[in-house]
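Here is the structure we will look at.
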Amino acid sequence: MRSSIVLMVFAVITAAGGLPGPEPLFDWTAYPEVGDADLVNPAGYALFSDVGLSIGVCYTDTSLEEPDRISLRFPGGGFSGWWCDEQSLRRFDSGAGIELFGGMSSVGVGYTWFDPTVGNSPWEGRKAWQLGYLLRPAEWLSLGAVRRSGADLPSREIDTEYRVGVAGRPLGDRLTVVANYRLESDHTEDLLTGGLEYRPLHGLAISAEAGEDFVKAGLSAELGYLTLSGTARSDENELSGGRAEITLTSRARENLLRGGGRFVRFTPAETEEERTRPFLGSVRPCFTDRMLLLHRLAQDPSVDGVILEVKKGTGSLAQAEELRGALQRLRARGKRIYVFLENAGNGDYYVASLADEIYVHPGGGVSFLGLSSFGFFARDFLDRIGIYPDMMHIGKYKSASDMLTRSSMSEAQREATTAYLGSSQEELVRGVSSGRGLEPAQLRLLMETGPHTPSRAVQAGLVDATAHSDEVEDLVEADLGRSVSVLPLERYSREIPVDREWGPQRHVAVVVASGAIFQGESGDAFPMGEVLGSESYAETLEEAVSEPGVAALVVRIDSPGGDGLASEDMLHALERAREKVPVVVSMGTVAGSGGYYMACGADVIFADHMTLTGSIGVIMGKFSVRDMLTSLGINTEEVAGAPRSGMWSMLRRFTEEERVVQRELLEDSYQMFVDRVAEGRGMTYSQVDSVARGRVWTGADALEEGLVDRIGGVTDAVMAAARMGGVEADPVPRVRIYPRPSFPGQIGLPGSMAFSDLEELLSTTGPLYLMQPVVME
């Protein structure tokens with residue numbers, strides 16, 4: 001027994017470069033992930049993306065020993081301890097690594113110190129350093145080098161060791177082939193070894209290594225958050241022992257034992273277009289995250305379906321359309337869909353209509369009533385308080401300033417509103433009709449006689465049954481005739497395996513551009529809500545397209561427009577990004593006026609049927625507060641240094657001469673807008689002008705008019721960008737979403753930018769590419 005342990009310890013010492021310590025599972029310099037960074041290559045510390053705890057044990061040909069090693073790793077570093085009673089010695093390792101050049105390479109340093117448990121040990125006070133380097137210029141190639149300190153002992157000298165290695169993946173991460181070379185030193189011969197790792201199943205890895213006088217074989221089984229690994233070594237045709245490890249990680253790996261039949265529960269309440277982070281909290285997923293996650297879920301063979309719980313709505317009509325599209329992909333893959341409704345509005349029921357079964361809360365109802373739009377007109381109020389909206393616009397349908405200059409809706413606005421309401425309602429009726437098998441005429445009758453109580457909704461065929469939320473799983477099991485395992489979408493997301501790919505990972509960058517357009521930085525401004533700053537946007541685009549591995553860019557736009565100069569800057573930034581990678585635009589709820597201006601230079605534009613876009617037109621002007629000041633007993637007088645020096649002052653109205661000048665400025669701005677669209681869309685000026693004039697279009701109508709290229713949501717845009725950039729999409733392309741919320745997160749109340757930014761927008765001396773706010777219910 002003791003001779004076997006001594007033999008094993010000797011094998012450990014020689015395999016680990018001479019210093020006492022545990023033998024790594026595999027000592028592959030260019031592929032340290034299968035061993036341990038502290039024992040193999042400290043540059044591997046940089047590859048850690050989560051927290052892991054490992055416990056190791058050695059065994060001989062006759063027995064399994066007690067655990068002799070524990071290690072803790074975390075992103076960028078780690079610590080481990082090893083003890084051996086036979087040598088009366090303890091060894092401790094720590095180290096850190098950092099990625100360079102966007103993950104193309106990494107460097108690391110390790111520090112080792114020894115703690116003998118008996119006196120007069122030659123290892124008393126001994127320390128050692130390790131330096132490592134990894135270079136992964138491509139997803140199929142890895143190069144590594146490491147230097148390990150030696151030791152000058154009274155009885156012998158252990159040389160400093162230099163190792164180099166190369167690893168290749170001819171079949172992706174399914175097969176990894178490695179070669180390692182230890183350089184010759186004064187007391188150590190050179191050593192050449194080769195090995196491979198083969199993954200026949202998700203979660204199972206079979207490894208082997210061979211040198212001049214040894215052979216080693218290993219097996220690793222990943223079980224989600226738990227990994228079991230073991231090796232066996234043969235020296236000169238005799239089994240000398242091996243090692244086994246059990247590892248717990250904070251992020252999931254593949255799961256060898258995962259079966260099928262699971263259902264995922266999803267509550268579509270979070271519809272923010274940008275990622276957010278509450279103060280000292282974790283990052284919350286955005287709408288794009290959730291849509292891509294549902295796309296992955298559709299292709300997961302372990303998932304049989306979803307349970308959709310609609311409790312707080314499904315977002316805007318365009319977002320509801322994209323959610324319905326995600327459910328359609330699930331249905332196309334043969335997965336079952338069950339929907340629970342509380343109080344369903346137009347968009348909610350439009351989404352639910354695709355389900356196999358719809359359940360409604362006994363105290364809820366279905367309000368599928370069709371669409372209406374409301375306009376707000378403040379002219380009488382402004383007159384009452386003495387503020388004069390001195391504004392002009394170009395475009396018959398450009399109604400953004402009407403809410404300030406008129407007391408009622410113009411015929412042009414009514415015409416455009418009626419058209420996009422009709423187009424959107426047509427899509428709602430089409431979707432519900434096809435989903436529930438109801439004739440459009442029958443459905444329109446149900447819309448006219450709504451809202452519907454739960455019992456009336458069941459009788460009319462709008463839903464299948466009434467139920468409380470805690471009864472839905474029982475109904476699903478009764479429908480399927482078997483028990484089901486249900487997990488929340490958030491947990492499903494956490495169980496996505498950690499990526500094992502090498503090098504700068506080819507990916508699609510998604511930049512979310514949400515809010516009214518201003519010059520400067522993004523943020524929040526009351527009462528405008530989200531503000532999209534041109535400087536922040538340009539910086540984010542530059543960051544995204546400069547990231548190593550980026551192959552295509554998707555710009556997700558949800559903006560009604562705003563400042564004209566800022567819109568031009570944002571289009572310029574997009575065109576510069578397009579010089580580096582293909583650019584695809586995904587229009588969300590609204591991409592109107594300046595929101596369309598910034599999009600028109602893309603390679604491809606996607607819009608939903610119910611996206612609101614277009615509004616190609618210009619408004620310009622100012623507010624005059626002179627009458628208000630007069631009513632308060634405040635008199636104002638102007639001393640002009642030049643005829644037009646006070647033109648933009650809020651203390652008086654424009655003169656007739658100034659109105660002529662303003663009209664010329666408006667016409668120049670409109671011509672520039674139309675020219676930009678014509679250039680970006682490959683149309684003539686007259687073609688753009690005929691569909692411009694400030695008119696708002698739905699995405700479906702915009703497709704017919706040539707303003708967009710395809711109907712689809714952000715998932716469709718990402719998949720198209722991946723094809724254009726040559727990014728593998730199995731099951732979904734690798735995506736990086738910008739902007740990234742900073743730590744510690746948002747603090748304070750929304751609207752912390754106060755009124756100053758709103759005042760800046762309304763008092764700008766330049767053109768406004770702003771769309772009339774639309775309240776559509």
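In the structure tokens, each chain is lettered A, B, ... as it comes, each chain's residues begin at 1, and ligands are numbered from 1 in order of appearance.
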
Selection near range 470-473 of chain A, 9 Å with only C-alpha atoms, sequence-local residues under 5 positions removed, as number ranges by chain = A: 307, 338-340, 359, 478, 483-484, 486

Neighbour list for range 129-145 of chain A as an NGL selection string, cut-off 8 Å, only C-alpha atoms, skip fewer than 4 positions in-chain | :A and (29-31 or 41-44 or 103-112 or 149 or 162-170 or 172 or 501-505)

Include N, CA, C and O atoms and write out the residues we just selected as a short mmCIF file (atom, residue, chain, number, x, y, z; two decimals), in the first residue's frame.
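Output saved as part21.cif:
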```cif
data_model
loop_
_atom_site.label_atom_id
_atom_site.label_comp_id
_atom_site.auth_asym_id
_atom_site.auth_seq_id
_atom_site.Cartn_x
_atom_site.Cartn_y
_atom_site.Cartn_z
N THR A 29 -0.66 22.91 -21.80
CA THR A 29 -0.29 24.32 -21.69
C THR A 29 -1.22 25.24 -22.48
O THR A 29 -1.55 26.34 -22.04
N ALA A 30 -1.64 24.81 -23.65
CA ALA A 30 -2.51 25.64 -24.49
C ALA A 30 -3.99 25.41 -24.24
O ALA A 30 -4.82 26.07 -24.86
N TYR A 31 -4.31 24.49 -23.35
CA TYR A 31 -5.71 24.18 -23.04
C TYR A 31 -5.85 23.91 -21.54
O TYR A 31 -6.18 22.80 -21.12
N ASN A 41 -1.26 26.49 -16.33
CA ASN A 41 -0.89 27.75 -16.99
C ASN A 41 -1.69 28.87 -16.34
O ASN A 41 -2.91 28.94 -16.52
N PRO A 42 -1.06 29.77 -15.58
CA PRO A 42 -1.82 30.83 -14.89
C PRO A 42 -2.54 31.79 -15.82
O PRO A 42 -3.42 32.52 -15.38
N ALA A 43 -2.21 31.79 -17.11
CA ALA A 43 -2.98 32.61 -18.04
C ALA A 43 -4.42 32.13 -18.12
O ALA A 43 -5.32 32.88 -18.51
N GLY A 44 -4.65 30.88 -17.72
CA GLY A 44 -6.00 30.33 -17.70
C GLY A 44 -6.90 30.98 -16.68
O GLY A 44 -8.13 30.87 -16.77
N GLY A 103 -9.95 39.28 -25.74
CA GLY A 103 -10.02 37.84 -25.60
C GLY A 103 -9.14 37.06 -26.55
O GLY A 103 -9.11 35.83 -26.51
N MET A 104 -8.35 37.77 -27.37
CA MET A 104 -7.45 37.07 -28.29
C MET A 104 -6.29 36.44 -27.54
O MET A 104 -5.74 35.42 -27.97
N SER A 105 -5.89 37.02 -26.44
CA SER A 105 -4.79 36.47 -25.66
C SER A 105 -5.01 36.78 -24.19
O SER A 105 -5.88 37.57 -23.82
N SER A 106 -4.22 36.15 -23.35
CA SER A 106 -4.28 36.40 -21.91
C SER A 106 -2.93 36.11 -21.30
O SER A 106 -2.13 35.32 -21.82
N VAL A 107 -2.64 36.79 -20.20
CA VAL A 107 -1.42 36.56 -19.44
C VAL A 107 -1.82 36.32 -17.99
O VAL A 107 -2.87 36.79 -17.53
N GLY A 108 -0.99 35.57 -17.29
CA GLY A 108 -1.29 35.29 -15.90
C GLY A 108 -0.03 35.04 -15.11
O GLY A 108 1.03 34.71 -15.65
N VAL A 109 -0.16 35.22 -13.81
CA VAL A 109 0.95 34.97 -12.89
C VAL A 109 0.43 34.14 -11.72
O VAL A 109 -0.69 34.35 -11.24
N GLY A 110 1.23 33.18 -11.30
CA GLY A 110 0.88 32.34 -10.16
C GLY A 110 1.96 32.39 -9.10
O GLY A 110 3.15 32.54 -9.41
N TYR A 111 1.55 32.27 -7.86
CA TYR A 111 2.48 32.33 -6.74
C TYR A 111 2.23 31.10 -5.86
O TYR A 111 1.10 30.78 -5.50
N THR A 112 3.30 30.40 -5.53
CA THR A 112 3.22 29.17 -4.74
C THR A 112 4.09 29.30 -3.50
O THR A 112 5.22 29.79 -3.57
N SER A 149 8.96 28.13 -11.81
CA SER A 149 10.19 28.25 -11.02
C SER A 149 10.66 26.89 -10.53
O SER A 149 9.86 25.98 -10.29
N TYR A 162 10.36 25.27 -18.63
CA TYR A 162 9.68 26.02 -19.69
C TYR A 162 8.89 25.03 -20.54
O TYR A 162 9.41 23.98 -20.96
N ARG A 163 7.63 25.37 -20.75
CA ARG A 163 6.76 24.52 -21.55
C ARG A 163 6.05 25.36 -22.61
O ARG A 163 5.68 26.51 -22.37
N VAL A 164 5.83 24.77 -23.76
CA VAL A 164 5.02 25.39 -24.81
C VAL A 164 4.02 24.35 -25.28
O VAL A 164 4.24 23.14 -25.14
N GLY A 165 2.91 24.84 -25.81
CA GLY A 165 1.89 23.92 -26.28
C GLY A 165 1.06 24.53 -27.39
O GLY A 165 1.02 25.75 -27.58
N VAL A 166 0.42 23.66 -28.14
CA VAL A 166 -0.48 24.08 -29.21
C VAL A 166 -1.70 23.18 -29.15
O VAL A 166 -1.61 21.98 -28.82
N ALA A 167 -2.88 23.75 -29.42
CA ALA A 167 -4.11 22.99 -29.44
C ALA A 167 -4.94 23.44 -30.64
O ALA A 167 -4.94 24.62 -30.99
N GLY A 168 -5.61 22.50 -31.25
CA GLY A 168 -6.44 22.81 -32.41
C GLY A 168 -7.80 22.15 -32.31
O GLY A 168 -7.96 21.12 -31.64
N ARG A 169 -8.77 22.75 -32.97
CA ARG A 169 -10.13 22.22 -32.97
C ARG A 169 -10.60 22.07 -34.42
O ARG A 169 -11.26 22.96 -34.96
N PRO A 170 -10.29 20.97 -35.04
CA PRO A 170 -10.69 20.79 -36.44
C PRO A 170 -12.19 20.61 -36.62
O PRO A 170 -12.70 20.85 -37.71
N GLY A 172 -14.57 22.04 -34.34
CA GLY A 172 -15.18 22.85 -33.30
C GLY A 172 -14.83 22.30 -31.94
O GLY A 172 -13.86 21.55 -31.77
N GLU A 501 -15.97 28.35 -26.40
CA GLU A 501 -15.24 28.68 -27.61
C GLU A 501 -14.03 29.55 -27.32
O GLU A 501 -13.96 30.25 -26.32
N TRP A 502 -13.08 29.52 -28.24
CA TRP A 502 -11.81 30.21 -28.08
C TRP A 502 -11.80 31.53 -28.85
O TRP A 502 -12.54 31.73 -29.81
N GLY A 503 -10.85 32.36 -28.45
CA GLY A 503 -10.50 33.54 -29.23
C GLY A 503 -11.55 34.62 -29.21
O GLY A 503 -12.57 34.52 -28.51
N PRO A 504 -11.31 35.69 -29.98
CA PRO A 504 -12.31 36.75 -30.11
C PRO A 504 -13.56 36.17 -30.77
O PRO A 504 -13.54 35.81 -31.93
N GLN A 505 -14.61 36.04 -30.00
CA GLN A 505 -15.78 35.32 -30.48
C GLN A 505 -16.55 36.17 -31.49
O GLN A 505 -16.94 37.31 -31.20
#
```

Within 8 Å of range 672-685 of chain A, counting only C-alpha atoms, which residues qualify if same-chain residues fewer than 6 places away don't, as a list of chain:residue names?
->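 Here the qualifying residues turn out to be A:Tyr597, A:Cys600, A:Gly601, A:Ala602, A:Ile616, A:Gly617, A:Ala692, A:Gly706, A:Leu707.
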
Would you write out those residues with N, CA and C atoms, as a PDB file, in the first residue's frame?
```pdb
ATOM      1  N   TYR A 597     -34.787  59.062 -39.759  1.00  0.00           N
ATOM      2  CA  TYR A 597     -33.607  59.714 -40.339  1.00  0.00           C
ATOM      3  C   TYR A 597     -32.343  58.936 -39.982  1.00  0.00           C
ATOM      4  N   CYS A 600     -32.065  55.419 -42.006  1.00  0.00           N
ATOM      5  CA  CYS A 600     -32.182  55.250 -43.455  1.00  0.00           C
ATOM      6  C   CYS A 600     -30.867  54.874 -44.134  1.00  0.00           C
ATOM      7  N   GLY A 601     -29.743  54.962 -43.438  1.00  0.00           N
ATOM      8  CA  GLY A 601     -28.467  54.607 -44.043  1.00  0.00           C
ATOM      9  C   GLY A 601     -28.065  53.161 -43.843  1.00  0.00           C
ATOM     10  N   ALA A 602     -28.924  52.338 -43.247  1.00  0.00           N
ATOM     11  CA  ALA A 602     -28.579  50.942 -42.970  1.00  0.00           C
ATOM     12  C   ALA A 602     -28.624  50.094 -44.231  1.00  0.00           C
ATOM     13  N   ILE A 616     -41.564  61.872 -42.289  1.00  0.00           N
ATOM     14  CA  ILE A 616     -40.430  62.580 -42.886  1.00  0.00           C
ATOM     15  C   ILE A 616     -40.855  64.028 -43.139  1.00  0.00           C
ATOM     16  N   GLY A 617     -40.494  64.877 -42.253  1.00  0.00           N
ATOM     17  CA  GLY A 617     -40.872  66.276 -42.322  1.00  0.00           C
ATOM     18  C   GLY A 617     -40.145  67.056 -41.238  1.00  0.00           C
ATOM     19  N   ALA A 692     -43.340  61.141 -48.143  1.00  0.00           N
ATOM     20  CA  ALA A 692     -42.863  61.894 -46.983  1.00  0.00           C
ATOM     21  C   ALA A 692     -43.946  62.869 -46.534  1.00  0.00           C
ATOM     22  N   GLY A 706     -41.586  51.333 -49.832  1.00  0.00           N
ATOM     23  CA  GLY A 706     -40.140  51.273 -50.010  1.00  0.00           C
ATOM     24  C   GLY A 706     -39.338  51.901 -48.891  1.00  0.00           C
ATOM     25  N   LEU A 707     -39.980  52.233 -47.764  1.00  0.00           N
ATOM     26  CA  LEU A 707     -39.256  52.859 -46.649  1.00  0.00           C
ATOM     27  C   LEU A 707     -38.564  51.831 -45.760  1.00  0.00           C
TER      28      LEU A 707
END
```

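Interatomic distance, CA of Tyr492 in chain A to CA of Gly230 in chain A: 28.6 Å.
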
Those of range 80-157 of chain A in DSSP strand (DSSP E), formatted as JSON, numbers by chain = {"A": [80, 81, 82, 83, 84, 89, 90, 91, 92, 93, 94, 95, 96, 97, 98, 99, 100, 105, 106, 107, 108, 109, 110, 111, 112, 113, 114, 115, 116, 127, 128, 129, 130, 131, 132, 133, 134, 135, 136, 137, 138, 141, 142, 143, 144, 145, 146, 147, 148, 151, 152, 157]}
